[in-house]
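The structure appears below as structure tokens.
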Amino acid sequence: MHAIPGKTKPLFFFDRRWPVLYEDNHLLAVYKPSGLLVQGDRTGDVCLLDLGKYWLKVRYHKPGKVFLAIVHRLDRPVAGVVLFARTSKAAARLSRQFRERSVDKHYLAVVLGSVAEDADRRIDHIERRDRLSRVVPTPTGCSQEARLCYTVLGRDSGKSLLKVFLETGRRHQIRIQLAHMGHPILGDLRYGAETPLPDRQIALLAHQLMVEHPTRGDRLLFSSPIPQQWPWANIGPPGSQAPPWDWRAFDPIIR
């Protein structure tokens with residue numbers, strides 16, 4: 001495993017508060033703020049994929065269309081690491097890693113309540129019906145097995161900070177499984193949180209992503225900074241050095 005090599009001059013994505021986590025001829029890893037889509041949808045809202053293409057086009061003065069491919073996604077209210085492929089070869093090889101679950105994905109989550117177990121492994125079966133997903137007591141023909149491990153990093157004032165390792169990649173998996181434990185993620189009204197966060201974020205951060213480089217074969221570890229206003233103190237850089245949590249802080253610059 002290799003951490004990302006240091007850069008003599010840090011890269012930023014449109015704004016000096018918005019870090020580019022890694023970039024080479026095959027890969028682009030950036031921080032995604034909460035509220036920004038990874039890929040466009042029927043809302044027509046701005047998405048990170050289109051921003052990435054435009055950033056590369058301007059950075060390298062590319063004529064015509066720019067190739068950039070999605071290999072994984074984050075929910076809109078989730079912040080953290082997003083990795084794109086810059087070549088078709090990289091896209092195919094990274095997509096295979098995600099399918100074969102050879103990618104390591106670690107999240108940080110602040111949840112309601114004091115989680116009793118210091119560490120545990122959860123295996124649940126998630127079923128999706130009429131756009132609503134839930135844990136079912138026994139497997140069904142429509143359910144999918146969902147597995148994750150967590151470690152409690154801290155407990156304070158009726159909430160807990162968890163480090164979560166995903167073994168499978170089901171839609172909304174962490175949100176559903178933690179809520180089923182009785183500990184919904186702060187701000188996640190859809191899955192049982194009591195009150196919203198100020199900008200409709202949820203306290204779930206895609207903190208680390210580890211993949212095999214598609215051409216060199218070495219393991220790369222991408223780490224997201226802890227954003228401003230994250231609801232757990234003393235786990236990130238000072239606020240002035242942290243990127244904004246909410247997408248709207250960058251919106252005027254992009255427009």
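Numbering starts fresh at 1 for the residues of each chain in the structure tokens, the chains themselves are lettered A, B, ... in the order given, and ligands are numbered from 1 as they appear.
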
Stretch 14-71 of chain A near stretch 209-219 of chain A within 10 Å: what's each residue's closest atom pair and its distance in Å to one decimal, counting only C-alpha atoms, ordered by chain then ascending residue number, as JSON lines?
{"residue": "A:His26", "atom": "CA", "partner": "A:Pro214", "partner_atom": "CA", "distance": 7.6}
{"residue": "A:Leu27", "atom": "CA", "partner": "A:His213", "partner_atom": "CA", "distance": 8.5}
{"residue": "A:Ala29", "atom": "CA", "partner": "A:Leu209", "partner_atom": "CA", "distance": 9.8}

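Look at A:Glu194: the protein and nucleic acid residues within 9 Å of it, using only C-alpha atoms and passing over chain neighbours fewer than 6 places away, are A:Leu112, A:Pro184, A:Leu186, A:Gly187, A:Asp188.
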
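When atom CA of A:His125 is paired with atom CA of A:His172, their separation reads 12.6 Å.
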
**Request:** List every residue of stretch 22-218 of chain A that DSSP, applied to the backbone of this structure, places in helix (DSSP H, G or I), and write the result as number ranges by chain.
**Result:** A: 48-59, 88-99, 173-180, 189-191

**Request:** Might you pull out every residue within 9 Å of stretch 32-47 of chain A, with only C-alpha atoms counted and same-chain residues fewer than 2 positions away left off, and present them as a ChimeraX atom specification?
**Result:** /A:18,30,49-52,70,72-82,199-202,224,227,243-248

**Request:** Could you tell me, as a list in words, which residues of stretch 38-93 of chain A DSSP assigns to strand (DSSP E) when given the backbone?
**Result:**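 Output for stretch 38-93 of chain A, strand (DSSP E) only: Ala69, Ile70, Ala79, Gly80, Val81, Val82, Leu83, Phe84 and Ala85 of chain A.
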
**Message:** Can you measure atom CA of A:Ala85 to atom CA of A:Gln208 for me? One decimal in Å is fine.
**Reply:** 17.2 Å

**Message:** To one decimal place in Å, what is the distance between atom CA of A:Leu11 and atom CA of A:Leu166?
**Reply:**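 Spanning atom CA of A:Leu11 to atom CA of A:Leu166 is a straight-line distance of 28.7 Å.
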
**Prompt:** Which residue out of A:Tyr107, A:Tyr54, A:Phe13, A:Phe98 has the minimum interatomic distance to A:Val71 when only C-alpha atoms are used?
**Reply:**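 Under the stated criterion, the closest residue is A:Phe98.
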
**Request:** May I have the residues within 6 Å of stretch 148-150 of chain A as a list in words, using only C-alpha atoms and disregarding those fewer than 6 positions away in the same chain?
**Result:**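 So the residues in contact are Ala119, Asp120, Arg121, Arg122, Lys163, Val164, Phe165, Leu166 and Glu167 of chain A.
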
Would you mind exporting C-alpha atoms of the selected residues as an mmCIF file, in the first residue's frame?
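So the final result, stored in again-v2.cif, reads:
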data_model
loop_
_atom_site.group_PDB
_atom_site.id
_atom_site.type_symbol
_atom_site.label_atom_id
_atom_site.label_comp_id
_atom_site.auth_asym_id
_atom_site.auth_seq_id
_atom_site.Cartn_x
_atom_site.Cartn_y
_atom_site.Cartn_z
ATOM 1 C CA ALA A 119 -16.769 -2.710 17.576
ATOM 2 C CA ASP A 120 -19.027 -5.069 15.670
ATOM 3 C CA ARG A 121 -19.760 -6.649 12.298
ATOM 4 C CA ARG A 122 -23.291 -6.341 10.937
ATOM 5 C CA LYS A 163 -15.478 4.425 11.661
ATOM 6 C CA VAL A 164 -17.292 2.184 9.184
ATOM 7 C CA PHE A 165 -15.746 -0.306 6.763
ATOM 8 C CA LEU A 166 -18.001 -1.428 3.922
ATOM 9 C CA GLU A 167 -17.788 -5.046 2.786
#

**Asked** If you count only C-alpha atoms, which residues fall within 8 Å of A:Val152, apart from same-chain ones fewer than 6 positions away, as a VMD selection string?
**Response** chain A and resid 115 117 to 119 160 to 163

Got time to write the residues from that selection, N, CA, C and O atoms, as a compact mmCIF listing (two decimals), in the first residue's frame?
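File written: selection-v6.txt
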# COMPACT_ATOMS: atom_id res chain seq x y z
N VAL A 115 -23.57 4.20 21.14
CA VAL A 115 -23.49 2.84 20.60
C VAL A 115 -22.83 1.94 21.66
O VAL A 115 -21.74 2.23 22.15
N GLU A 117 -21.67 -1.40 21.69
CA GLU A 117 -20.50 -2.21 21.36
C GLU A 117 -19.37 -1.33 20.84
O GLU A 117 -19.58 -0.47 19.99
N ASP A 118 -18.14 -1.56 21.33
CA ASP A 118 -17.00 -0.78 20.84
C ASP A 118 -16.68 -1.09 19.38
O ASP A 118 -16.16 -0.25 18.66
N ALA A 119 -16.98 -2.31 18.96
CA ALA A 119 -16.77 -2.71 17.58
C ALA A 119 -17.70 -3.88 17.28
O ALA A 119 -18.02 -4.66 18.17
N SER A 160 -22.46 9.35 18.90
CA SER A 160 -21.26 8.51 18.79
C SER A 160 -20.61 8.75 17.44
O SER A 160 -21.29 9.00 16.43
N LEU A 161 -19.28 8.69 17.44
CA LEU A 161 -18.51 8.78 16.20
C LEU A 161 -18.04 7.39 15.82
O LEU A 161 -17.37 6.72 16.62
N LEU A 162 -18.39 6.94 14.62
CA LEU A 162 -18.05 5.60 14.16
C LEU A 162 -17.13 5.66 12.94
O LEU A 162 -17.27 6.54 12.08
N LYS A 163 -16.21 4.71 12.89
CA LYS A 163 -15.48 4.43 11.66
C LYS A 163 -16.10 3.18 11.06
O LYS A 163 -16.19 2.14 11.73
